[in-house]
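Peer 1: query.cif (mmCIF, C-alpha atoms) pasted underneath:
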data_coords
loop_
_atom_site.label_atom_id
_atom_site.label_comp_id
_atom_site.auth_asym_id
_atom_site.auth_seq_id
_atom_site.Cartn_x
_atom_site.Cartn_y
_atom_site.Cartn_z
CA MET A 1 233.66 -106.49 27.60
CA HIS A 2 230.78 -104.26 28.69
CA LEU A 3 227.37 -105.81 28.34
CA ARG A 4 224.42 -103.69 27.32
CA THR A 5 220.71 -104.30 27.73
CA THR A 6 218.41 -103.17 24.92
CA HIS A 7 214.92 -101.79 25.57
CA THR A 8 212.76 -100.94 22.55
CA PHE A 9 209.98 -98.35 22.69
CA LEU A 10 207.54 -97.18 20.02
CA ILE A 11 207.41 -93.46 19.22
CA SER A 12 204.58 -91.74 17.40
CA ASN A 13 206.43 -88.64 16.15
CA SER A 14 210.12 -89.13 15.41
CA ALA A 15 210.90 -85.44 14.68
CA GLU A 16 209.33 -84.31 17.95
CA PHE A 17 211.05 -87.11 19.88
CA ARG A 18 214.47 -86.01 18.55
CA THR A 19 213.89 -82.48 19.82
CA ARG A 20 212.89 -83.74 23.27
CA LEU A 21 215.84 -86.16 23.28
CA LEU A 22 218.41 -83.41 22.85
CA ILE A 23 216.76 -81.17 25.44
CA TRP A 24 216.79 -84.14 27.85
CA ALA A 25 220.53 -84.62 27.13
CA LYS A 26 221.35 -81.09 28.39
CA LYS A 27 221.78 -82.36 31.94
CA TYR A 28 224.74 -84.58 31.00
CA GLU A 29 228.37 -83.44 30.89
CA GLU A 30 229.07 -85.52 27.76
CA ALA A 31 226.75 -85.89 24.79
CA VAL A 32 226.99 -86.71 21.10
CA PHE A 33 223.85 -86.49 18.96
CA LEU A 34 224.02 -87.52 15.28
CA ASP A 35 220.95 -86.87 13.12
CA SER A 36 220.32 -87.80 9.47
CA ASN A 37 217.37 -85.36 9.24
CA PHE A 38 215.42 -88.14 7.47
CA HIS A 39 217.80 -88.14 4.46
CA LYS A 40 217.76 -91.49 2.73
CA ASP A 41 221.32 -92.78 2.67
CA SER A 42 222.17 -96.07 0.96
CA TYR A 43 224.87 -96.59 3.59
CA GLY A 44 222.87 -95.31 6.59
CA THR A 45 222.60 -97.44 9.73
CA PHE A 46 220.06 -95.43 11.71
CA ASP A 47 218.00 -92.26 11.53
CA ALA A 48 219.58 -90.67 14.62
CA VAL A 49 221.60 -91.64 17.69
CA LEU A 50 222.26 -90.01 21.05
CA ALA A 51 225.12 -91.05 23.36
CA VAL A 52 225.33 -89.54 26.86
CA ASP A 53 226.98 -89.88 30.25
CA SER A 54 230.58 -91.10 30.20
CA ASN A 55 231.59 -94.39 31.77
CA TYR A 56 235.13 -93.81 30.47
CA SER A 57 236.66 -90.95 28.47
CA LEU A 58 239.90 -90.24 26.62
CA SER A 59 241.08 -86.69 26.02
CA SER A 60 244.45 -86.55 24.25
CA ASN A 61 247.00 -84.15 22.78
CA SER A 62 249.78 -86.68 22.12
CA ASN A 63 250.15 -90.31 20.98
CA SER A 64 246.39 -90.12 20.47
CA PHE A 65 245.85 -92.96 17.97
CA ALA A 66 247.77 -95.47 20.14
CA LYS A 67 245.75 -94.44 23.22
CA LEU A 68 242.49 -94.80 21.29
CA LYS A 69 243.49 -98.21 19.95
CA LEU A 70 244.21 -99.37 23.50
CA ALA A 71 240.84 -98.03 24.72
CA GLN A 72 239.06 -99.80 21.88
CA GLU A 73 240.76 -103.13 22.70
CA GLU A 74 240.04 -102.80 26.42
CA LYS A 75 236.43 -101.60 26.28
CA LYS A 76 235.18 -103.62 23.29
CA ASP A 77 232.18 -101.31 23.36
CA TRP A 78 230.72 -98.25 21.65
CA LEU A 79 233.00 -95.18 21.63
CA PHE A 80 231.74 -91.74 20.50
CA GLY A 81 233.93 -88.71 19.87
CA TYR A 82 236.12 -86.80 17.45
CA PHE A 83 239.43 -86.53 15.62
CA SER A 84 240.66 -82.95 15.19
CA TYR A 85 242.34 -81.85 11.96
CA ASP A 86 245.63 -81.22 13.79
CA LEU A 87 246.15 -84.92 14.47
CA LYS A 88 247.90 -84.67 11.08
CA ASN A 89 250.97 -83.69 13.14
CA GLU A 90 251.01 -87.14 14.76
CA LEU A 91 250.83 -88.82 11.35
CA GLU A 92 253.32 -86.73 9.34
CA SER A 93 256.13 -84.35 10.11
CA LEU A 94 253.80 -81.32 10.22
CA GLU A 95 252.92 -78.68 12.78
CA SER A 96 250.08 -76.34 13.81
CA ASN A 97 251.23 -73.06 15.34
CA ASN A 98 248.46 -70.72 14.21
CA TYR A 99 246.17 -68.88 16.62
CA ASP A 100 243.70 -71.04 18.57
CA GLY A 101 240.87 -69.35 20.48
CA LEU A 102 239.00 -72.59 21.22
CA HIS A 103 241.54 -74.86 22.98
CA PHE A 104 239.78 -78.17 22.34
CA PRO A 105 241.91 -81.33 22.85
CA GLU A 106 243.19 -82.94 19.63
CA LEU A 107 241.18 -86.12 20.23
CA TYR A 108 238.25 -86.86 22.50
CA PHE A 109 236.26 -90.12 22.84
CA PHE A 110 234.00 -91.51 25.52
CA GLN A 111 232.22 -94.75 26.28
CA PRO A 112 228.60 -93.74 26.98
CA LYS A 113 226.53 -95.31 29.72
CA LYS A 114 223.39 -94.59 27.67
CA ILE A 115 222.86 -94.85 23.89
CA ILE A 116 219.49 -94.18 22.23
CA ILE A 117 219.11 -95.22 18.60
CA LEU A 118 216.18 -94.02 16.47
CA ASN A 119 214.95 -95.91 13.42
CA GLY A 120 211.51 -95.23 11.97
CA ASN A 121 209.00 -95.39 14.83
CA LYS A 122 211.34 -97.31 17.16
CA ALA A 123 213.65 -96.01 19.89
CA GLN A 124 216.22 -98.51 21.13
CA PHE A 125 217.79 -97.76 24.51
CA LEU A 126 221.19 -99.52 24.81
CA TYR A 127 222.15 -99.07 28.46
CA LEU A 128 225.13 -100.52 30.33
CA GLU A 129 223.88 -103.41 32.41
CA GLY A 130 224.18 -101.79 35.82
CA ILE A 131 221.77 -98.99 34.85
CA SER A 132 219.44 -100.75 32.42
CA TYR A 133 216.54 -100.24 34.86
CA GLU A 134 216.74 -96.48 34.11
CA ALA A 135 215.62 -96.90 30.46
CA GLU A 136 211.90 -97.03 31.25
CA GLU A 137 211.91 -93.91 33.44
CA ASP A 138 214.18 -92.04 30.99
CA PHE A 139 211.78 -92.78 28.13
CA LYS A 140 208.88 -91.40 30.20
CA ALA A 141 210.89 -88.31 31.19
CA ILE A 142 211.74 -87.60 27.52
CA LEU A 143 208.06 -87.85 26.49
CA GLU A 144 206.99 -85.48 29.28
CA LEU A 145 209.44 -82.70 28.40
CA THR A 146 208.08 -79.37 27.20
CA THR A 147 210.06 -78.03 24.26
CA GLU A 148 208.97 -74.41 23.65
CA VAL A 149 211.26 -72.75 26.17
CA HIS A 150 214.35 -74.46 24.71
CA LEU A 151 213.80 -73.67 21.04
CA LYS A 152 214.27 -69.88 21.16
CA PRO A 153 217.78 -68.74 22.05
CA PRO A 154 218.20 -65.89 24.53
CA LYS A 155 218.84 -62.45 22.99
CA THR A 156 222.55 -61.76 22.63
CA ASN A 157 224.37 -59.04 20.80
CA ILE A 158 226.95 -61.06 18.86
CA LYS A 159 229.51 -59.19 16.79
CA ILE A 160 231.07 -61.52 14.22
CA ARG A 161 234.62 -60.63 13.21
CA LEU A 162 236.73 -61.85 10.29
CA ARG A 163 240.16 -63.30 10.94
CA ILE A 164 241.15 -62.66 7.29
CA HIS A 165 239.75 -59.54 5.61
CA LYS A 166 238.80 -59.50 1.94
CA ASP A 167 242.02 -57.95 0.56
CA ALA A 168 244.18 -60.33 2.60
CA TYR A 169 242.02 -63.24 1.39
CA HIS A 170 242.67 -62.23 -2.25
CA ASN A 171 246.41 -61.95 -1.60
CA LYS A 172 246.56 -65.36 0.04
CA ALA A 173 244.41 -66.99 -2.67
CA ASN A 174 246.85 -65.60 -5.25
CA LEU A 175 249.78 -67.07 -3.31
CA PHE A 176 248.06 -70.48 -3.41
CA LEU A 177 247.60 -70.01 -7.18
CA LYS A 178 251.28 -69.17 -7.56
CA HIS A 179 252.21 -72.50 -5.92
CA ILE A 180 249.69 -74.32 -8.14
CA HIS A 181 251.06 -72.74 -11.33
CA ARG A 182 254.58 -73.59 -10.17
CA GLY A 183 253.55 -77.24 -9.80
CA ASP A 184 254.01 -77.50 -6.00
CA ILE A 185 250.36 -78.58 -5.52
CA TYR A 186 247.26 -79.14 -7.69
CA GLU A 187 244.62 -78.04 -5.21
CA ALA A 188 244.37 -76.60 -1.70
CA ASN A 189 241.40 -76.14 0.56
CA PHE A 190 241.86 -72.60 1.88
CA CYS A 191 239.88 -71.81 5.05
CA GLN A 192 239.15 -68.69 7.05
CA GLU A 193 237.69 -68.14 10.50
CA PHE A 194 234.82 -65.91 11.63
CA TYR A 195 234.69 -65.44 15.40
CA ALA A 196 233.26 -63.59 18.39
CA GLU A 197 234.96 -63.00 21.74
CA ALA A 198 233.47 -62.37 25.20
CA THR A 199 230.30 -64.03 23.90
CA GLU A 200 227.83 -66.49 25.38
CA ILE A 201 225.36 -68.59 23.40
CA GLU A 202 222.73 -71.16 24.33
CA PRO A 203 224.12 -74.26 22.55
CA VAL A 204 221.01 -76.45 22.24
CA SER A 205 218.68 -73.78 20.82
CA THR A 206 221.50 -72.52 18.55
CA TYR A 207 221.93 -76.07 17.24
CA PHE A 208 218.18 -76.39 16.60
CA ASN A 209 218.16 -73.11 14.65
CA LEU A 210 221.21 -74.04 12.58
CA ASN A 211 219.80 -77.47 11.82
CA GLU A 212 216.44 -76.01 10.78
CA ILE A 213 218.12 -73.82 8.14
CA SER A 214 220.17 -76.61 6.53
CA GLU A 215 218.67 -79.99 7.54
CA PRO A 216 221.86 -81.83 6.52
CA PRO A 217 222.34 -85.63 6.56
CA PHE A 218 225.15 -85.59 9.16
CA ALA A 219 223.95 -83.00 11.69
CA THR A 220 225.87 -83.19 14.96
CA PHE A 221 225.58 -81.81 18.48
CA LEU A 222 228.62 -82.54 20.65
CA LYS A 223 229.28 -81.45 24.22
CA PHE A 224 231.91 -82.29 26.79
CA ASP A 225 232.80 -80.06 29.71
CA ALA A 226 232.74 -76.49 28.37
CA ASN A 227 233.32 -77.47 24.72
CA TYR A 228 230.50 -77.52 22.19
CA LEU A 229 230.13 -78.34 18.50
CA LEU A 230 226.90 -77.45 16.63
CA SER A 231 227.23 -78.84 13.15
CA ALA A 232 225.14 -78.80 9.98
CA THR A 233 227.60 -80.83 7.93
CA PRO A 234 226.42 -82.52 4.73
CA GLU A 235 229.58 -84.64 4.31
CA ARG A 236 230.58 -88.18 5.29
CA TYR A 237 234.29 -88.76 5.80
CA LEU A 238 234.54 -92.51 6.22
CA LYS A 239 232.32 -95.42 7.18
CA LYS A 240 233.11 -99.09 7.74
CA ILE A 241 230.42 -101.79 7.62
CA GLY A 242 231.84 -105.28 7.96
CA ASN A 243 234.66 -105.50 5.42
CA LYS A 244 233.47 -102.53 3.31
CA VAL A 245 234.82 -98.98 3.68
CA ILE A 246 232.97 -96.00 2.15
CA SER A 247 234.21 -92.44 1.59
CA GLN A 248 231.99 -89.65 0.18
CA PRO A 249 233.97 -86.45 -0.43
CA ILE A 250 232.17 -83.23 -1.36
CA LYS A 251 233.77 -80.82 -3.79
CA GLY A 252 231.64 -78.39 -5.80
CA THR A 253 228.99 -76.02 -4.45
CA ALA A 254 226.20 -73.95 -6.02
CA ALA A 255 223.52 -71.78 -4.42
CA ARG A 256 219.85 -72.78 -4.42
CA SER A 257 217.07 -70.62 -5.82
CA ASP A 258 213.46 -70.18 -4.68
CA ASP A 259 212.51 -70.14 -8.35
CA ALA A 260 212.04 -73.82 -9.33
CA LYS A 261 213.16 -73.33 -12.95
CA GLU A 262 216.25 -71.38 -11.95
CA ASP A 263 217.07 -73.95 -9.25
CA VAL A 264 217.04 -76.78 -11.82
CA ALA A 265 219.34 -74.70 -14.05
CA LEU A 266 221.76 -74.05 -11.14
CA LYS A 267 221.90 -77.78 -10.41
CA LYS A 268 222.50 -78.63 -14.07
CA ASN A 269 225.21 -75.96 -14.39
CA LEU A 270 227.03 -77.37 -11.36
CA LYS A 271 226.90 -80.87 -12.84
CA LEU A 272 228.51 -79.55 -16.06
CA ASP A 273 230.94 -77.07 -14.49
CA THR A 274 234.43 -78.13 -15.63
CA LYS A 275 236.24 -76.37 -12.76
CA GLU A 276 234.00 -77.94 -10.08
CA ARG A 277 234.28 -81.37 -11.74
CA ALA A 278 238.07 -81.06 -11.89
CA GLU A 279 238.14 -80.24 -8.14
CA ASN A 280 235.97 -83.24 -7.34
CA ILE A 281 237.89 -85.66 -9.57
CA MET A 282 241.24 -84.61 -8.05
CA ILE A 283 239.97 -85.37 -4.54
CA THR A 284 238.33 -88.61 -5.70
CA ASP A 285 241.74 -89.72 -7.02
CA LEU A 286 243.35 -88.75 -3.72
CA VAL A 287 240.74 -90.79 -1.78
CA ARG A 288 241.26 -93.78 -4.11
CA ASN A 289 244.96 -93.56 -3.40
CA ASP A 290 244.36 -93.35 0.39
CA LEU A 291 242.00 -96.34 0.36
CA SER A 292 244.39 -98.43 -1.74
CA ARG A 293 246.91 -98.27 1.14
CA PHE A 294 244.88 -100.86 3.10
CA ALA A 295 242.26 -102.22 0.65
CA LYS A 296 242.26 -105.71 -0.82
CA LYS A 297 243.92 -105.56 -4.22
CA GLY A 298 241.62 -104.43 -7.02
CA THR A 299 238.65 -103.58 -4.75
CA VAL A 300 238.81 -99.75 -4.74
CA THR A 301 235.73 -98.67 -6.71
CA VAL A 302 234.26 -95.29 -7.65
CA GLU A 303 230.53 -96.00 -7.22
CA GLU A 304 229.44 -92.42 -8.02
CA LEU A 305 231.46 -89.67 -9.66
CA CYS A 306 230.44 -86.00 -9.44
CA GLU A 307 226.78 -86.69 -8.55
CA VAL A 308 224.89 -83.54 -7.60
CA TYR A 309 222.73 -83.65 -4.45
CA SER A 310 220.42 -80.88 -3.27
CA PHE A 311 220.29 -79.61 0.30
CA ARG A 312 218.18 -76.82 1.80
CA GLN A 313 220.75 -74.08 1.11
CA VAL A 314 223.08 -75.43 -1.57
CA HIS A 315 223.59 -78.01 -4.31
CA GLN A 316 226.69 -80.16 -3.70
CA MET A 317 228.79 -82.40 -5.94
CA ILE A 318 229.53 -85.71 -4.19
CA SER A 319 231.51 -88.79 -5.21
CA THR A 320 231.32 -92.20 -3.51
CA ILE A 321 234.43 -94.36 -3.33
CA THR A 322 234.41 -97.82 -1.70
CA ALA A 323 236.93 -100.54 -0.90
CA LEU A 324 237.03 -103.99 0.70
CA VAL A 325 239.36 -104.75 3.61
CA ASP A 326 240.62 -107.87 5.38
CA LYS A 327 238.79 -108.88 8.57
CA GLU A 328 242.00 -108.34 10.57
CA GLU A 329 242.41 -104.72 9.41
CA ASN A 330 242.22 -102.45 12.46
CA SER A 331 239.65 -99.62 12.34
CA ILE A 332 242.03 -97.00 13.71
CA ASP A 333 244.74 -97.97 11.21
CA ILE A 334 242.20 -97.39 8.42
CA ILE A 335 241.49 -93.90 9.77
CA LYS A 336 245.22 -93.17 10.14
CA ALA A 337 245.78 -94.11 6.47
CA THR A 338 243.15 -91.64 5.23
CA PHE A 339 243.30 -88.76 7.74
CA PRO A 340 242.79 -85.85 7.40
CA MET A 341 240.21 -86.25 4.65
CA GLY A 342 241.38 -85.09 1.21
CA SER A 343 238.38 -82.83 0.68
CA MET A 344 239.73 -80.57 3.46
CA THR A 345 243.41 -80.60 2.49
CA GLY A 346 243.99 -80.65 -1.25
CA ALA A 347 246.50 -82.59 -3.33
CA PRO A 348 249.19 -83.76 -2.94
CA LYS A 349 248.10 -83.97 0.67
CA ILE A 350 251.29 -83.23 2.64
CA ALA A 351 252.44 -80.35 0.40
CA ALA A 352 248.92 -78.85 0.56
CA MET A 353 248.81 -79.15 4.38
CA LYS A 354 252.19 -77.40 4.72
CA LEU A 355 251.00 -74.53 2.55
CA ILE A 356 247.69 -74.32 4.44
CA GLU A 357 249.61 -73.92 7.71
CA ASP A 358 251.71 -71.12 6.18
CA LEU A 359 248.84 -69.15 4.67
CA GLU A 360 245.88 -69.66 7.01
CA GLU A 361 245.61 -67.54 10.16
CA THR A 362 244.04 -69.98 12.62
CA LYS A 363 244.56 -73.48 13.93
CA ARG A 364 241.70 -75.55 12.49
CA GLY A 365 241.18 -77.83 15.49
CA LEU A 366 237.88 -79.70 15.29
CA TYR A 367 236.90 -77.79 12.13
CA SER A 368 238.04 -80.07 9.24
CA GLY A 369 238.14 -82.96 11.68
CA ALA A 370 235.55 -85.71 12.12
CA VAL A 371 232.88 -86.73 14.64
CA GLY A 372 231.33 -90.17 14.89
CA TYR A 373 231.47 -93.52 16.64
CA PHE A 374 233.00 -96.98 16.76
CA THR A 375 230.77 -100.00 17.41
CA PRO A 376 231.82 -102.93 19.65
CA THR A 377 232.80 -104.91 16.51
CA GLY A 378 235.03 -102.14 15.10
CA ASP A 379 232.63 -100.75 12.50
CA PHE A 380 232.51 -96.95 12.41
CA ASP A 381 230.97 -93.88 10.78
CA PHE A 382 232.51 -90.38 10.79
CA ASN A 383 231.44 -87.11 9.20
CA VAL A 384 233.52 -84.10 8.09
CA ILE A 385 233.21 -81.08 10.38
CA ILE A 386 232.23 -78.19 8.11
CA ARG A 387 229.25 -75.74 8.30
CA SER A 388 229.72 -75.80 12.08
CA ILE A 389 229.73 -73.49 15.09
CA LEU A 390 232.36 -74.23 17.76
CA TYR A 391 232.00 -72.78 21.24
CA ASN A 392 234.18 -72.78 24.34
CA LYS A 393 231.91 -71.71 27.19
CA THR A 394 234.77 -71.03 29.61
CA GLN A 395 236.72 -68.89 27.11
CA LYS A 396 233.44 -67.31 25.90
CA TYR A 397 234.74 -67.81 22.38
CA VAL A 398 232.53 -68.63 19.39
CA SER A 399 233.99 -69.63 16.03
CA TYR A 400 232.99 -70.91 12.62
CA SER A 401 235.26 -71.44 9.63
CA VAL A 402 234.59 -71.91 5.95
CA GLY A 403 236.78 -72.83 3.03
CA SER A 404 236.88 -73.45 -0.68
CA ALA A 405 239.16 -75.37 -3.02
CA ILE A 406 241.74 -73.31 -4.89
CA THR A 407 242.69 -74.91 -8.22
CA ALA A 408 244.50 -73.66 -11.33
CA ASN A 409 241.25 -72.15 -12.70
CA SER A 410 240.19 -70.42 -9.47
CA ASP A 411 239.11 -66.81 -9.41
CA PRO A 412 239.85 -65.43 -5.89
CA GLU A 413 236.70 -63.27 -5.86
CA LYS A 414 234.47 -66.26 -6.77
CA GLU A 415 236.17 -68.35 -4.07
CA TYR A 416 235.58 -65.55 -1.56
CA GLN A 417 231.87 -65.42 -2.50
CA GLU A 418 231.64 -69.23 -2.16
CA CYS A 419 233.00 -68.88 1.40
CA LEU A 420 230.36 -66.26 2.22
CA LEU A 421 227.64 -68.55 0.83
CA LYS A 422 228.84 -71.39 3.08
CA ALA A 423 229.05 -69.03 6.08
CA LYS A 424 225.48 -67.76 5.62
CA ALA A 425 223.66 -70.22 7.89
CA MET A 426 226.11 -69.90 10.81
CA ARG A 427 226.14 -66.11 10.59
CA LYS A 428 222.34 -65.91 10.40
CA VAL A 429 221.89 -68.13 13.45
CA LEU A 430 224.41 -66.27 15.59
CA GLU A 431 223.47 -62.73 14.57
CA SER A 432 219.72 -63.26 14.80
CA ASN A 433 220.02 -64.45 18.41
#
For the structure just supplied, provide its representation as structure tokens.
Peer 2:
Amino acid sequence: MHLRTTHTFLISNSAEFRTRLLIWAKKYEEAVFLDSNFHKDSYGTFDAVLAVDSNYSLSSNSNSFAKLKLAQEEKKDWLFGYFSYDLKNELESLESNNYDGLHFPELYFFQPKKIIILNGNKAQFLYLEGISYEAEEDFKAILELTTEVHLKPPKTNIKIRLRIHKDAYHNKANLFLKHIHRGDIYEANFCQEFYAEATEIEPVSTYFNLNEISEPPFATFLKFDANYLLSATPERYLKKIGNKVISQPIKGTAARSDDAKEDVALKKNLKLDTKERAENIMITDLVRNDLSRFAKKGTVTVEELCEVYSFRQVHQMISTITALVDKEENSIDIIKATFPMGSMTGAPKIAAMKLIEDLEETKRGLYSGAVGYFTPTGDFDFNVIIRSILYNKTQKYVSYSVGSAITANSDPEKEYQECLLKAKAMRKVLESN
């Protein structure tokens, strides 16, 4: 059991403090920053959290869930990190042999020496006991930081390339449709990668620029060694508070408009769109089924079905499904029963994942995975890694992937355009560097 000391400080400007906090975190080898961007979330625990400086870390490519469970039992403390999409191969008889330019481990978690939690005008510093005296001087150092130099990325000439070109995308989308019409699957989330080789980026300023465009509720900056994730994800995968588990899949996307009247119409049209609703309902059913594997009988509830929420760049259709679990239910077993999230696979899950492996060109890795944390009591909160830039500094490889759900009513060209819409923010940030 690792004891932590809590120091609470008052902050006058939370937005400015967040910026300084992430710049201050640059000096550490390991960092996870999770930011709600002031979105009001009925299941939110804090506005933002930063975890830095590893006391213990676990990087795994095999038997990962068992290793994590052991770490959780031994440390009985906060653990921050990620599950990559390809952990599916440890859960089912599946494989991932597609091209991988990033080379991230399948699972990575660390126990931070320092955790800083922001809520309203309060900053709580949860430091391991041996270093609790550093909280005061760290708070001062954060306040004294100058931000200007870190907010503008250095000029780079980034050439984004497509792993799947438009004609090939159409052909593959049609192959998915063939399998759907044959009854092999109902829905598949088909993803494609955009990438740049021999490229260097400045991760912190790139993250700030990406976040400014989208301001999503689950923004994430993750760094360990040479591996970086800069994420503007709007989606929660799974959260556990006490004996309640919450999943909030997103399926259904529409563009925003600068014209207020047109924007309202776009939102309304999404809400009524039968194809988008069908996509969302299919995944909601899949999530209900996943949750029922460990939930108390009769407690799986759809709290919201096909609700449309507006973000800076897009309108999204979100459903909220909850369940109650026994106190003894292990957190990692809950994740194993629901992973990977249905919104990124399709339905039925295993058949969709097999087809995805056959038709996609790249190994998904952390894209389609989840980043988040476990608390000392086994509660947790994880997002879905979409709308994200991944960067391996050593390999000088930059990547972002986007996908859309192919269903019986899909038009390959419309799906292709939806992918380009989702890719817009990442492309803009990288190419305007």
Peer 1: Report, in Å with one decimal, the straight-line distance from atom CA of Tyr237 of chain A to atom CA of Thr220 of chain A.
Peer 2: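 Distance between the two atoms: 13.6 Å.
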Peer 1: Can you measure atom CA of His179 of chain A to atom CA of Ser247 of chain A for me? One decimal in Å is fine.
Peer 2: 27.9 Å
Peer 1: Please, what distance in Å, to one decimal, runs between atom CA of Tyr169 of chain A and atom CA of Val308 of chain A?
Peer 2: 28.0 Å
Peer 1: Please write as a PyMOL selection string the list of polymer residues whose atoms come within 7 Å of (223.0, -73.7, -1.9), counting all atoms listed in the file and keeping to the coordinates of the file.
Peer 2: chain A and resi 253-256+311-315
Peer 1: Which one of A:Ala337, A:Val402, A:Cys191, A:Ala278 sits closest to Ala173 of chain A if you count all atoms listed in the file?
Peer 2: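 Closest to Ala173 of chain A, using all atoms listed in the file: A:Cys191.
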Peer 1: Quick one: everything within 10 Å of Asn392 of chain A, counting only C-alpha atoms, minus sequence neighbours fewer than 3 positions away in the same chain. Send it as a PyMOL selection string.
Peer 2: chain A and resi 101-104+199-201+223+225-229+395-399
Peer 1: Would you save the residues from that selection as a short mmCIF file (atom, residue, chain, number, x, y, z; two decimals), keeping the file's coordinate frame, using C-alpha atoms?
Peer 2:
data_model
loop_
_atom_site.label_atom_id
_atom_site.label_comp_id
_atom_site.auth_asym_id
_atom_site.auth_seq_id
_atom_site.Cartn_x
_atom_site.Cartn_y
_atom_site.Cartn_z
CA GLY A 101 240.87 -69.35 20.48
CA LEU A 102 239.00 -72.59 21.22
CA HIS A 103 241.54 -74.86 22.98
CA PHE A 104 239.78 -78.17 22.34
CA THR A 199 230.30 -64.03 23.90
CA GLU A 200 227.83 -66.49 25.38
CA ILE A 201 225.36 -68.59 23.40
CA LYS A 223 229.28 -81.45 24.22
CA ASP A 225 232.80 -80.06 29.71
CA ALA A 226 232.74 -76.49 28.37
CA ASN A 227 233.32 -77.47 24.72
CA TYR A 228 230.50 -77.52 22.19
CA LEU A 229 230.13 -78.34 18.50
CA GLN A 395 236.72 -68.89 27.11
CA LYS A 396 233.44 -67.31 25.90
CA TYR A 397 234.74 -67.81 22.38
CA VAL A 398 232.53 -68.63 19.39
CA SER A 399 233.99 -69.63 16.03
#
Peer 1: Counting only C-alpha atoms, which residues of segment 350-380 of chain A sit at most 9 Å from some atom of segment 76-97 of chain A, and what is each one's closest atom pair with its distance in Å to one decimal, listed by chain and rising residue number, as a Markdown table?
Peer 2:
| residue | atom | partner | partner_atom | distance |
| --- | --- | --- | --- | --- |
| A:Ile350 | CA | A:Glu92 | CA | 7.8 |
| A:Met353 | CA | A:Leu94 | CA | 8.0 |
| A:Lys354 | CA | A:Leu94 | CA | 6.9 |
| A:Glu357 | CA | A:Ser96 | CA | 6.6 |
| A:Thr362 | CA | A:Asn97 | CA | 8.3 |
| A:Lys363 | CA | A:Ser96 | CA | 6.2 |
| A:Arg364 | CA | A:Tyr85 | CA | 6.4 |
| A:Gly365 | CA | A:Ser84 | CA | 5.2 |
| A:Leu366 | CA | A:Ser84 | CA | 4.3 |
| A:Tyr367 | CA | A:Tyr85 | CA | 6.8 |
| A:Ser368 | CA | A:Tyr85 | CA | 5.4 |
| A:Gly369 | CA | A:Ser84 | CA | 4.3 |
| A:Ala370 | CA | A:Phe83 | CA | 5.3 |
| A:Val371 | CA | A:Tyr82 | CA | 4.3 |
| A:Gly372 | CA | A:Gly81 | CA | 5.8 |
| A:Tyr373 | CA | A:Phe80 | CA | 4.3 |
| A:Phe374 | CA | A:Leu79 | CA | 5.2 |
| A:Thr375 | CA | A:Trp78 | CA | 4.6 |
| A:Pro376 | CA | A:Asp77 | CA | 4.1 |
| A:Thr377 | CA | A:Lys76 | CA | 7.3 |
| A:Gly378 | CA | A:Lys76 | CA | 8.3 |
Peer 1: Give the answer as one residue: which of A:Ile180, A:Phe208, A:Phe380, A:Leu128 has the shortest atom-to-atom distance to Ala347 of chain A, using only C-alpha atoms?
Peer 2: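 Among A:Ile180, A:Phe208, A:Phe380, A:Leu128, it is A:Ile180 that comes nearest to Ala347 of chain A.
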Peer 1: Counting all atoms listed in the file, select every polymer residue within 12 Å of (242.7, -100.2, 25.6) as defined in the file's coordinates, and provide the selection as an MDAnalysis selection string.
Peer 2: chainID A and resid 1 56:58 64:77 79 111
Peer 1: Once the PyMOL selection byres ((chain A and resi 217) around 7) has been evaluated on this model, what residues remain selected, and can you format them as a PyMOL selection string?
Peer 2: chain A and resi 35-37+39+215-216+218-219+234
Peer 1: Any idea what's packed within 8 Å of Ile356 of chain A, counting all atoms listed in the file, ignoring anything in its chain fewer than 5 positions away? Could you give it as an mmCIF file with C-alpha atoms, keeping the file's coordinate frame?
Peer 2:
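Just written: out13.cif:
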data_model
loop_
_atom_site.group_PDB
_atom_site.id
_atom_site.type_symbol
_atom_site.label_atom_id
_atom_site.label_comp_id
_atom_site.auth_asym_id
_atom_site.auth_seq_id
_atom_site.Cartn_x
_atom_site.Cartn_y
_atom_site.Cartn_z
ATOM 1 C CA ALA A 188 244.370 -76.600 -1.700
ATOM 2 C CA ASN A 189 241.400 -76.140 0.560
ATOM 3 C CA PHE A 190 241.860 -72.600 1.880
ATOM 4 C CA THR A 345 243.410 -80.600 2.490
#
Peer 1: Let me know the residues the PyMOL selection byres ((chain A and resi 251) around 12) catches in the file above, as a VMD selection string.
Peer 2: chain A and resid 187 to 189 234 to 235 248 to 250 252 to 254 270 to 271 273 275 to 284 305 to 309 315 to 320 341 to 346 403 to 407 418
Peer 1: May I have the residues within 7 Å of Phe224 of chain A as a list of chain:residue names, using all atoms listed in the file and disregarding those fewer than 5 positions away in the same chain?
Peer 2: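 These residues fall inside the cut-off: A:Glu29, A:Glu30, A:Ala31.
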Peer 1: Leaving out segment 41-55 of chain A and any residue of its chain fewer than 5 positions from it, which residues lie within 7 Å of it when counting all atoms listed in the file, given as a short mmCIF file (atom, residue, chain, number, x, y, z; two decimals) with C-alpha atoms, keeping the file's coordinate frame?
Peer 2:
data_model
loop_
_atom_site.label_atom_id
_atom_site.label_comp_id
_atom_site.auth_asym_id
_atom_site.auth_seq_id
_atom_site.Cartn_x
_atom_site.Cartn_y
_atom_site.Cartn_z
CA ALA A 25 220.53 -84.62 27.13
CA TYR A 28 224.74 -84.58 31.00
CA GLU A 29 228.37 -83.44 30.89
CA GLU A 30 229.07 -85.52 27.76
CA ALA A 31 226.75 -85.89 24.79
CA VAL A 32 226.99 -86.71 21.10
CA PHE A 33 223.85 -86.49 18.96
CA LEU A 34 224.02 -87.52 15.28
CA ASP A 35 220.95 -86.87 13.12
CA SER A 36 220.32 -87.80 9.47
CA PHE A 110 234.00 -91.51 25.52
CA GLN A 111 232.22 -94.75 26.28
CA PRO A 112 228.60 -93.74 26.98
CA LYS A 113 226.53 -95.31 29.72
CA LYS A 114 223.39 -94.59 27.67
CA ILE A 115 222.86 -94.85 23.89
CA ILE A 116 219.49 -94.18 22.23
CA ILE A 117 219.11 -95.22 18.60
CA LEU A 118 216.18 -94.02 16.47
CA ASN A 119 214.95 -95.91 13.42
#
